[in-house]
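Raw my_file-v9.pdb, PDB, N, CA and C atoms:
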```
ATOM      1  N   MET K 105     -43.575 -65.511 -20.546
ATOM      2  CA  MET K 105     -42.706 -64.355 -20.756
ATOM      3  C   MET K 105     -42.912 -63.841 -22.169
ATOM      4  N   SER K 106     -43.096 -62.569 -22.306
ATOM      5  CA  SER K 106     -43.155 -61.980 -23.639
ATOM      6  C   SER K 106     -42.153 -60.842 -23.663
ATOM      7  N   GLY K 107     -41.776 -60.429 -24.833
ATOM      8  CA  GLY K 107     -40.803 -59.361 -24.949
ATOM      9  C   GLY K 107     -40.589 -58.981 -26.386
ATOM     10  N   TYR K 108     -39.730 -58.023 -26.576
ATOM     11  CA  TYR K 108     -39.382 -57.527 -27.898
ATOM     12  C   TYR K 108     -37.950 -57.979 -28.182
ATOM     13  N   VAL K 109     -37.777 -58.709 -29.256
ATOM     14  CA  VAL K 109     -36.484 -59.310 -29.588
ATOM     15  C   VAL K 109     -36.015 -58.791 -30.930
ATOM     16  N   ILE K 110     -34.719 -58.504 -31.022
ATOM     17  CA  ILE K 110     -34.121 -58.196 -32.319
ATOM     18  C   ILE K 110     -32.830 -58.999 -32.476
ATOM     19  N   THR K 111     -32.520 -59.250 -33.721
ATOM     20  CA  THR K 111     -31.184 -59.709 -34.065
ATOM     21  C   THR K 111     -30.599 -58.650 -34.993
ATOM     22  N   VAL K 112     -29.321 -58.423 -34.834
ATOM     23  CA  VAL K 112     -28.601 -57.516 -35.723
ATOM     24  C   VAL K 112     -27.420 -58.300 -36.260
ATOM     25  N   ASP K 113     -27.374 -58.440 -37.567
ATOM     26  CA  ASP K 113     -26.305 -59.183 -38.234
ATOM     27  C   ASP K 113     -25.383 -58.170 -38.908
ATOM     28  N   PHE K 114     -24.219 -57.955 -38.294
ATOM     29  CA  PHE K 114     -23.244 -57.004 -38.824
ATOM     30  C   PHE K 114     -22.306 -57.712 -39.796
ATOM     31  N   ASN K 115     -22.138 -57.146 -40.964
ATOM     32  CA  ASN K 115     -21.135 -57.577 -41.927
ATOM     33  C   ASN K 115     -20.045 -56.506 -41.883
ATOM     34  N   LEU K 116     -18.891 -56.878 -41.355
ATOM     35  CA  LEU K 116     -17.814 -55.910 -41.140
ATOM     36  C   LEU K 116     -16.871 -55.837 -42.326
ATOM     37  N   HIS K 117     -16.167 -54.720 -42.409
ATOM     38  CA  HIS K 117     -15.093 -54.614 -43.401
ATOM     39  C   HIS K 117     -14.017 -55.648 -43.049
ATOM     40  N   PRO K 118     -13.352 -56.211 -44.044
ATOM     41  CA  PRO K 118     -12.319 -57.219 -43.771
ATOM     42  C   PRO K 118     -11.296 -56.711 -42.747
ATOM     43  N   GLY K 119     -11.054 -57.540 -41.733
ATOM     44  CA  GLY K 119     -10.073 -57.207 -40.710
ATOM     45  C   GLY K 119     -10.564 -56.296 -39.599
ATOM     46  N   ALA K 120     -11.847 -55.891 -39.615
ATOM     47  CA  ALA K 120     -12.351 -54.923 -38.637
ATOM     48  C   ALA K 120     -12.797 -55.550 -37.319
ATOM     49  N   LEU K 121     -12.883 -56.870 -37.248
ATOM     50  CA  LEU K 121     -13.400 -57.523 -36.043
ATOM     51  C   LEU K 121     -12.599 -57.154 -34.794
ATOM     52  N   LYS K 122     -11.289 -57.096 -34.905
ATOM     53  CA  LYS K 122     -10.437 -56.807 -33.741
ATOM     54  C   LYS K 122     -10.789 -55.446 -33.125
ATOM     55  N   GLN K 123     -11.124 -54.465 -33.952
ATOM     56  CA  GLN K 123     -11.512 -53.143 -33.450
ATOM     57  C   GLN K 123     -12.972 -53.128 -33.008
ATOM     58  N   PHE K 124     -13.830 -53.830 -33.750
ATOM     59  CA  PHE K 124     -15.266 -53.799 -33.513
ATOM     60  C   PHE K 124     -15.657 -54.524 -32.226
ATOM     61  N   LEU K 125     -15.050 -55.664 -31.970
ATOM     62  CA  LEU K 125     -15.461 -56.522 -30.859
ATOM     63  C   LEU K 125     -15.439 -55.822 -29.496
ATOM     64  N   PRO K 126     -14.363 -55.127 -29.105
ATOM     65  CA  PRO K 126     -14.408 -54.463 -27.797
ATOM     66  C   PRO K 126     -15.489 -53.382 -27.723
ATOM     67  N   LEU K 127     -15.771 -52.739 -28.841
ATOM     68  CA  LEU K 127     -16.804 -51.698 -28.849
ATOM     69  C   LEU K 127     -18.188 -52.297 -28.614
ATOM     70  N   ILE K 128     -18.495 -53.397 -29.301
ATOM     71  CA  ILE K 128     -19.824 -53.987 -29.159
ATOM     72  C   ILE K 128     -19.980 -54.698 -27.821
ATOM     73  N   VAL K 129     -18.928 -55.305 -27.323
ATOM     74  CA  VAL K 129     -19.007 -55.963 -26.009
ATOM     75  C   VAL K 129     -19.246 -54.913 -24.915
ATOM     76  N   ASP K 130     -18.575 -53.774 -25.001
ATOM     77  CA  ASP K 130     -18.794 -52.693 -24.038
ATOM     78  C   ASP K 130     -20.234 -52.190 -24.131
ATOM     79  N   ASN K 131     -20.747 -52.017 -25.347
ATOM     80  CA  ASN K 131     -22.122 -51.572 -25.534
ATOM     81  C   ASN K 131     -23.102 -52.579 -24.924
ATOM     82  N   ALA K 132     -22.865 -53.860 -25.145
ATOM     83  CA  ALA K 132     -23.736 -54.904 -24.589
ATOM     84  C   ALA K 132     -23.701 -54.885 -23.063
ATOM     85  N   ASN K 133     -22.510 -54.816 -22.487
ATOM     86  CA  ASN K 133     -22.377 -54.806 -21.023
ATOM     87  C   ASN K 133     -23.071 -53.598 -20.414
ATOM     88  N   ARG K 134     -22.888 -52.446 -21.024
ATOM     89  CA  ARG K 134     -23.511 -51.229 -20.502
ATOM     90  C   ARG K 134     -25.030 -51.276 -20.681
ATOM     91  N   SER K 135     -25.488 -51.838 -21.786
ATOM     92  CA  SER K 135     -26.932 -51.966 -22.005
ATOM     93  C   SER K 135     -27.558 -52.815 -20.908
ATOM     94  N   ARG K 136     -26.931 -53.947 -20.619
ATOM     95  CA  ARG K 136     -27.465 -54.843 -19.578
ATOM     96  C   ARG K 136     -27.411 -54.200 -18.192
ATOM     97  N   SER K 137     -26.384 -53.415 -17.922
ATOM     98  CA  SER K 137     -26.221 -52.895 -16.558
ATOM     99  C   SER K 137     -26.995 -51.607 -16.288
ATOM    100  N   VAL K 138     -27.217 -50.761 -17.280
ATOM    101  CA  VAL K 138     -27.850 -49.468 -16.997
ATOM    102  C   VAL K 138     -29.242 -49.301 -17.604
ATOM    103  N   GLU K 139     -29.650 -50.202 -18.475
ATOM    104  CA  GLU K 139     -30.972 -50.076 -19.083
ATOM    105  C   GLU K 139     -31.930 -51.074 -18.423
ATOM    106  N   PRO K 140     -32.893 -50.580 -17.642
ATOM    107  CA  PRO K 140     -33.804 -51.501 -16.964
ATOM    108  C   PRO K 140     -34.651 -52.340 -17.928
ATOM    109  N   GLY K 141     -34.874 -51.858 -19.141
ATOM    110  CA  GLY K 141     -35.689 -52.594 -20.107
ATOM    111  C   GLY K 141     -34.925 -53.602 -20.937
ATOM    112  N   CYS K 142     -33.587 -53.654 -20.785
ATOM    113  CA  CYS K 142     -32.769 -54.616 -21.537
ATOM    114  C   CYS K 142     -32.646 -55.895 -20.715
ATOM    115  N   GLU K 143     -33.252 -56.946 -21.216
ATOM    116  CA  GLU K 143     -33.265 -58.213 -20.490
ATOM    117  C   GLU K 143     -32.174 -59.180 -20.936
ATOM    118  N   ARG K 144     -31.694 -59.015 -22.149
ATOM    119  CA  ARG K 144     -30.629 -59.891 -22.656
ATOM    120  C   ARG K 144     -29.933 -59.177 -23.816
ATOM    121  N   PHE K 145     -28.622 -59.354 -23.910
ATOM    122  CA  PHE K 145     -27.863 -58.762 -25.016
ATOM    123  C   PHE K 145     -26.649 -59.648 -25.236
ATOM    124  N   ASP K 146     -26.747 -60.530 -26.205
ATOM    125  CA  ASP K 146     -25.662 -61.464 -26.502
ATOM    126  C   ASP K 146     -24.923 -61.034 -27.768
ATOM    127  N   VAL K 147     -23.616 -61.158 -27.729
ATOM    128  CA  VAL K 147     -22.755 -60.881 -28.878
ATOM    129  C   VAL K 147     -22.223 -62.224 -29.366
ATOM    130  N   LEU K 148     -22.561 -62.585 -30.591
ATOM    131  CA  LEU K 148     -22.202 -63.886 -31.149
ATOM    132  C   LEU K 148     -21.324 -63.713 -32.379
ATOM    133  N   ILE K 149     -20.318 -64.562 -32.488
ATOM    134  CA  ILE K 149     -19.449 -64.565 -33.669
ATOM    135  C   ILE K 149     -19.621 -65.911 -34.361
ATOM    136  N   PRO K 150     -20.135 -65.921 -35.593
ATOM    137  CA  PRO K 150     -20.291 -67.189 -36.311
ATOM    138  C   PRO K 150     -18.941 -67.886 -36.482
ATOM    139  N   LYS K 151     -18.926 -69.189 -36.285
ATOM    140  CA  LYS K 151     -17.680 -69.952 -36.385
ATOM    141  C   LYS K 151     -17.095 -69.959 -37.795
ATOM    142  N   ASP K 152     -17.929 -69.724 -38.799
ATOM    143  CA  ASP K 152     -17.462 -69.796 -40.180
ATOM    144  C   ASP K 152     -17.082 -68.444 -40.773
ATOM    145  N   SER K 153     -16.989 -67.386 -39.947
ATOM    146  CA  SER K 153     -16.711 -66.058 -40.492
ATOM    147  C   SER K 153     -15.895 -65.234 -39.512
ATOM    148  N   THR K 154     -14.998 -64.435 -40.031
ATOM    149  CA  THR K 154     -14.223 -63.529 -39.183
ATOM    150  C   THR K 154     -14.652 -62.082 -39.379
ATOM    151  N   ASP K 155     -15.644 -61.864 -40.246
ATOM    152  CA  ASP K 155     -16.082 -60.503 -40.538
ATOM    153  C   ASP K 155     -17.561 -60.298 -40.249
ATOM    154  N   ARG K 156     -18.128 -61.146 -39.386
ATOM    155  CA  ARG K 156     -19.541 -61.019 -39.019
ATOM    156  C   ARG K 156     -19.691 -61.080 -37.512
ATOM    157  N   VAL K 157     -20.681 -60.342 -37.022
ATOM    158  CA  VAL K 157     -21.068 -60.387 -35.622
ATOM    159  C   VAL K 157     -22.591 -60.355 -35.586
ATOM    160  N   LEU K 158     -23.173 -61.243 -34.795
ATOM    161  CA  LEU K 158     -24.622 -61.302 -34.648
ATOM    162  C   LEU K 158     -24.991 -60.922 -33.219
ATOM    163  N   LEU K 159     -25.937 -60.019 -33.093
ATOM    164  CA  LEU K 159     -26.444 -59.637 -31.781
ATOM    165  C   LEU K 159     -27.816 -60.263 -31.583
ATOM    166  N   TYR K 160     -28.064 -60.753 -30.363
ATOM    167  CA  TYR K 160     -29.366 -61.260 -29.966
ATOM    168  C   TYR K 160     -29.764 -60.460 -28.736
ATOM    169  N   GLU K 161     -30.811 -59.642 -28.871
ATOM    170  CA  GLU K 161     -31.191 -58.727 -27.804
ATOM    171  C   GLU K 161     -32.660 -58.920 -27.443
ATOM    172  N   ILE K 162     -32.959 -58.907 -26.147
ATOM    173  CA  ILE K 162     -34.336 -58.977 -25.677
ATOM    174  C   ILE K 162     -34.595 -57.757 -24.786
ATOM    175  N   TYR K 163     -35.689 -57.077 -25.089
ATOM    176  CA  TYR K 163     -36.117 -55.916 -24.315
ATOM    177  C   TYR K 163     -37.509 -56.170 -23.768
ATOM    178  N   LYS K 164     -37.843 -55.479 -22.703
ATOM    179  CA  LYS K 164     -39.155 -55.627 -22.076
ATOM    180  C   LYS K 164     -40.260 -55.385 -23.100
ATOM    181  N   ASP K 165     -40.070 -54.371 -23.937
ATOM    182  CA  ASP K 165     -41.037 -54.031 -24.981
ATOM    183  C   ASP K 165     -40.348 -53.131 -26.008
ATOM    184  N   LYS K 166     -41.087 -52.762 -27.038
ATOM    185  CA  LYS K 166     -40.495 -51.953 -28.111
ATOM    186  C   LYS K 166     -40.059 -50.576 -27.595
ATOM    187  N   ALA K 167     -40.787 -50.049 -26.627
ATOM    188  CA  ALA K 167     -40.410 -48.756 -26.049
ATOM    189  C   ALA K 167     -39.044 -48.834 -25.367
ATOM    190  N   ALA K 168     -38.765 -49.940 -24.693
ATOM    191  CA  ALA K 168     -37.456 -50.114 -24.043
ATOM    192  C   ALA K 168     -36.342 -50.154 -25.077
ATOM    193  N   PHE K 169     -36.616 -50.769 -26.229
ATOM    194  CA  PHE K 169     -35.620 -50.755 -27.306
ATOM    195  C   PHE K 169     -35.416 -49.332 -27.819
ATOM    196  N   GLY K 170     -36.506 -48.571 -27.914
ATOM    197  CA  GLY K 170     -36.386 -47.165 -28.308
ATOM    198  C   GLY K 170     -35.502 -46.379 -27.364
ATOM    199  N   GLU K 171     -35.607 -46.661 -26.078
ATOM    200  CA  GLU K 171     -34.747 -46.011 -25.084
ATOM    201  C   GLU K 171     -33.286 -46.422 -25.288
ATOM    202  N   HIS K 172     -33.067 -47.677 -25.631
ATOM    203  CA  HIS K 172     -31.711 -48.156 -25.910
ATOM    204  C   HIS K 172     -31.068 -47.331 -27.026
ATOM    205  N   LEU K 173     -31.853 -47.070 -28.077
ATOM    206  CA  LEU K 173     -31.325 -46.338 -29.229
ATOM    207  C   LEU K 173     -30.966 -44.885 -28.894
ATOM    208  N   LYS K 174     -31.482 -44.365 -27.789
ATOM    209  CA  LYS K 174     -31.187 -42.990 -27.360
ATOM    210  C   LYS K 174     -30.098 -42.930 -26.299
ATOM    211  N   ALA K 175     -29.705 -44.096 -25.750
ATOM    212  CA  ALA K 175     -28.740 -44.130 -24.650
ATOM    213  C   ALA K 175     -27.371 -43.622 -25.094
ATOM    214  N   ALA K 176     -26.710 -42.903 -24.207
ATOM    215  CA  ALA K 176     -25.402 -42.322 -24.531
ATOM    216  C   ALA K 176     -24.402 -43.389 -24.960
ATOM    217  N   HIS K 177     -24.380 -44.546 -24.273
ATOM    218  CA  HIS K 177     -23.409 -45.583 -24.637
ATOM    219  C   HIS K 177     -23.697 -46.154 -26.020
ATOM    220  N   PHE K 178     -24.974 -46.250 -26.415
ATOM    221  CA  PHE K 178     -25.292 -46.725 -27.764
ATOM    222  C   PHE K 178     -24.837 -45.711 -28.807
ATOM    223  N   LEU K 179     -25.085 -44.440 -28.557
ATOM    224  CA  LEU K 179     -24.675 -43.398 -29.512
ATOM    225  C   LEU K 179     -23.152 -43.349 -29.645
ATOM    226  N   GLU K 180     -22.444 -43.543 -28.538
ATOM    227  CA  GLU K 180     -20.974 -43.601 -28.583
ATOM    228  C   GLU K 180     -20.518 -44.790 -29.420
ATOM    229  N   PHE K 181     -21.125 -45.950 -29.180
ATOM    230  CA  PHE K 181     -20.791 -47.148 -29.955
ATOM    231  C   PHE K 181     -21.049 -46.912 -31.442
ATOM    232  N   SER K 182     -22.212 -46.385 -31.756
ATOM    233  CA  SER K 182     -22.599 -46.185 -33.150
ATOM    234  C   SER K 182     -21.607 -45.278 -33.880
ATOM    235  N   THR K 183     -21.183 -44.217 -33.223
ATOM    236  CA  THR K 183     -20.209 -43.300 -33.820
ATOM    237  C   THR K 183     -18.847 -43.981 -34.004
ATOM    238  N   ALA K 184     -18.387 -44.672 -32.967
ATOM    239  CA  ALA K 184     -17.060 -45.305 -33.007
ATOM    240  C   ALA K 184     -16.998 -46.468 -33.988
ATOM    241  N   ALA K 185     -18.097 -47.202 -34.145
ATOM    242  CA  ALA K 185     -18.072 -48.425 -34.958
ATOM    243  C   ALA K 185     -18.544 -48.217 -36.393
ATOM    244  N   GLY K 186     -19.123 -47.080 -36.676
ATOM    245  CA  GLY K 186     -19.730 -46.851 -37.985
ATOM    246  C   GLY K 186     -18.839 -47.162 -39.177
ATOM    247  N   SER K 187     -17.595 -46.749 -39.127
ATOM    248  CA  SER K 187     -16.691 -46.954 -40.265
ATOM    249  C   SER K 187     -16.215 -48.404 -40.389
ATOM    250  N   LEU K 188     -16.478 -49.222 -39.367
ATOM    251  CA  LEU K 188     -16.037 -50.620 -39.388
ATOM    252  C   LEU K 188     -17.076 -51.549 -40.018
ATOM    253  N   VAL K 189     -18.296 -51.038 -40.177
ATOM    254  CA  VAL K 189     -19.428 -51.848 -40.635
ATOM    255  C   VAL K 189     -19.685 -51.616 -42.119
ATOM    256  N   MET K 190     -19.710 -52.730 -42.873
ATOM    257  CA  MET K 190     -20.047 -52.651 -44.292
ATOM    258  C   MET K 190     -21.564 -52.548 -44.456
ATOM    259  N   ASP K 191     -22.298 -53.426 -43.758
ATOM    260  CA  ASP K 191     -23.755 -53.357 -43.725
ATOM    261  C   ASP K 191     -24.266 -54.149 -42.534
ATOM    262  N   ARG K 192     -25.558 -54.013 -42.292
ATOM    263  CA  ARG K 192     -26.174 -54.737 -41.186
ATOM    264  C   ARG K 192     -27.613 -55.047 -41.535
ATOM    265  N   LYS K 193     -28.095 -56.137 -40.964
ATOM    266  CA  LYS K 193     -29.480 -56.542 -41.170
ATOM    267  C   LYS K 193     -30.123 -56.687 -39.799
ATOM    268  N   ILE K 194     -31.250 -56.006 -39.613
ATOM    269  CA  ILE K 194     -31.972 -56.054 -38.348
ATOM    270  C   ILE K 194     -33.294 -56.779 -38.570
ATOM    271  N   VAL K 195     -33.574 -57.742 -37.702
ATOM    272  CA  VAL K 195     -34.844 -58.469 -37.767
ATOM    273  C   VAL K 195     -35.515 -58.354 -36.401
ATOM    274  N   GLU K 196     -36.813 -58.011 -36.407
ATOM    275  CA  GLU K 196     -37.607 -57.889 -35.187
ATOM    276  C   GLU K 196     -38.404 -59.171 -34.965
ATOM    277  N   TYR K 197     -38.553 -59.534 -33.683
ATOM    278  CA  TYR K 197     -39.322 -60.721 -33.298
ATOM    279  C   TYR K 197     -40.170 -60.369 -32.076
ATOM    280  N   SER K 198     -41.165 -61.174 -31.825
ATOM    281  CA  SER K 198     -41.831 -61.126 -30.522
ATOM    282  C   SER K 198     -41.546 -62.452 -29.837
ATOM    283  N   LEU K 199     -41.301 -62.388 -28.552
ATOM    284  CA  LEU K 199     -40.975 -63.585 -27.770
ATOM    285  C   LEU K 199     -42.259 -64.055 -27.099
ATOM    286  N   GLU K 200     -42.659 -65.259 -27.411
ATOM    287  CA  GLU K 200     -43.923 -65.797 -26.907
ATOM    288  C   GLU K 200     -43.679 -67.137 -26.236
ATOM    289  N   ASN K 201     -43.397 -67.115 -24.959
ATOM    290  CA  ASN K 201     -43.318 -68.374 -24.201
ATOM    291  C   ASN K 201     -43.458 -68.135 -22.728
TER     292      ASN K 201
END
```

Output the structure of this file as structure tokens.
Amino acid sequence: MSGYVITVDFNLHPGALKQFLPLIVDNANRSRSVEPGCERFDVLIPKDSTDRVLLYEIYKDKAAFGEHLKAAHFLEFSTAAGSLVMDRKIVEYSLEN
């Protein structure tokens, strides 16, 4: 199996997790259900932090991730969550197994 993998590490404004979490979970669920190129989309909360969220996403290829970035549900999420995010770090991987 090969694929295009990203992690997104969100650093949220203090206290923003309660608002952010339903938005990102909805985005993940919609990505998995309506995007044929989205193979996995996990939302992780580190046990040692209340202001961070880590995403682990696998797409068929980089083009499928590009389609994700254009999807209406992603654009809605991005607009709604923008003010809750202090910064984010995105790392790209290739899945080789």

Per-residue DSSP, chain K, filtered to strand (DSSP E), as a ChimeraX atom specification: /K:106-116,142-148,156-163,189-200

Between atom C of K:Val195 and atom C of K:Lys166 - distance in Å to one decimal: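 Answer for the atom C of K:Lys166 to atom C of K:Val195 separation: 12.6 Å.
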
d(atom CA of K:Val157, atom C of K:Ile110) in Å: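 These two atoms are separated by 12.3 Å.
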
Reference answer for the PyMOL selection byres ((chain K and resi 123-135) around 7), as a ChimeraX atom specification: /K:119-122,136-140,142,145-147,177-178,181,185,188

Coordinates-based distance that separates atom CA of K:Ala167 from atom CA of K:Pro150 (Å, one decimal): 29.2 Å
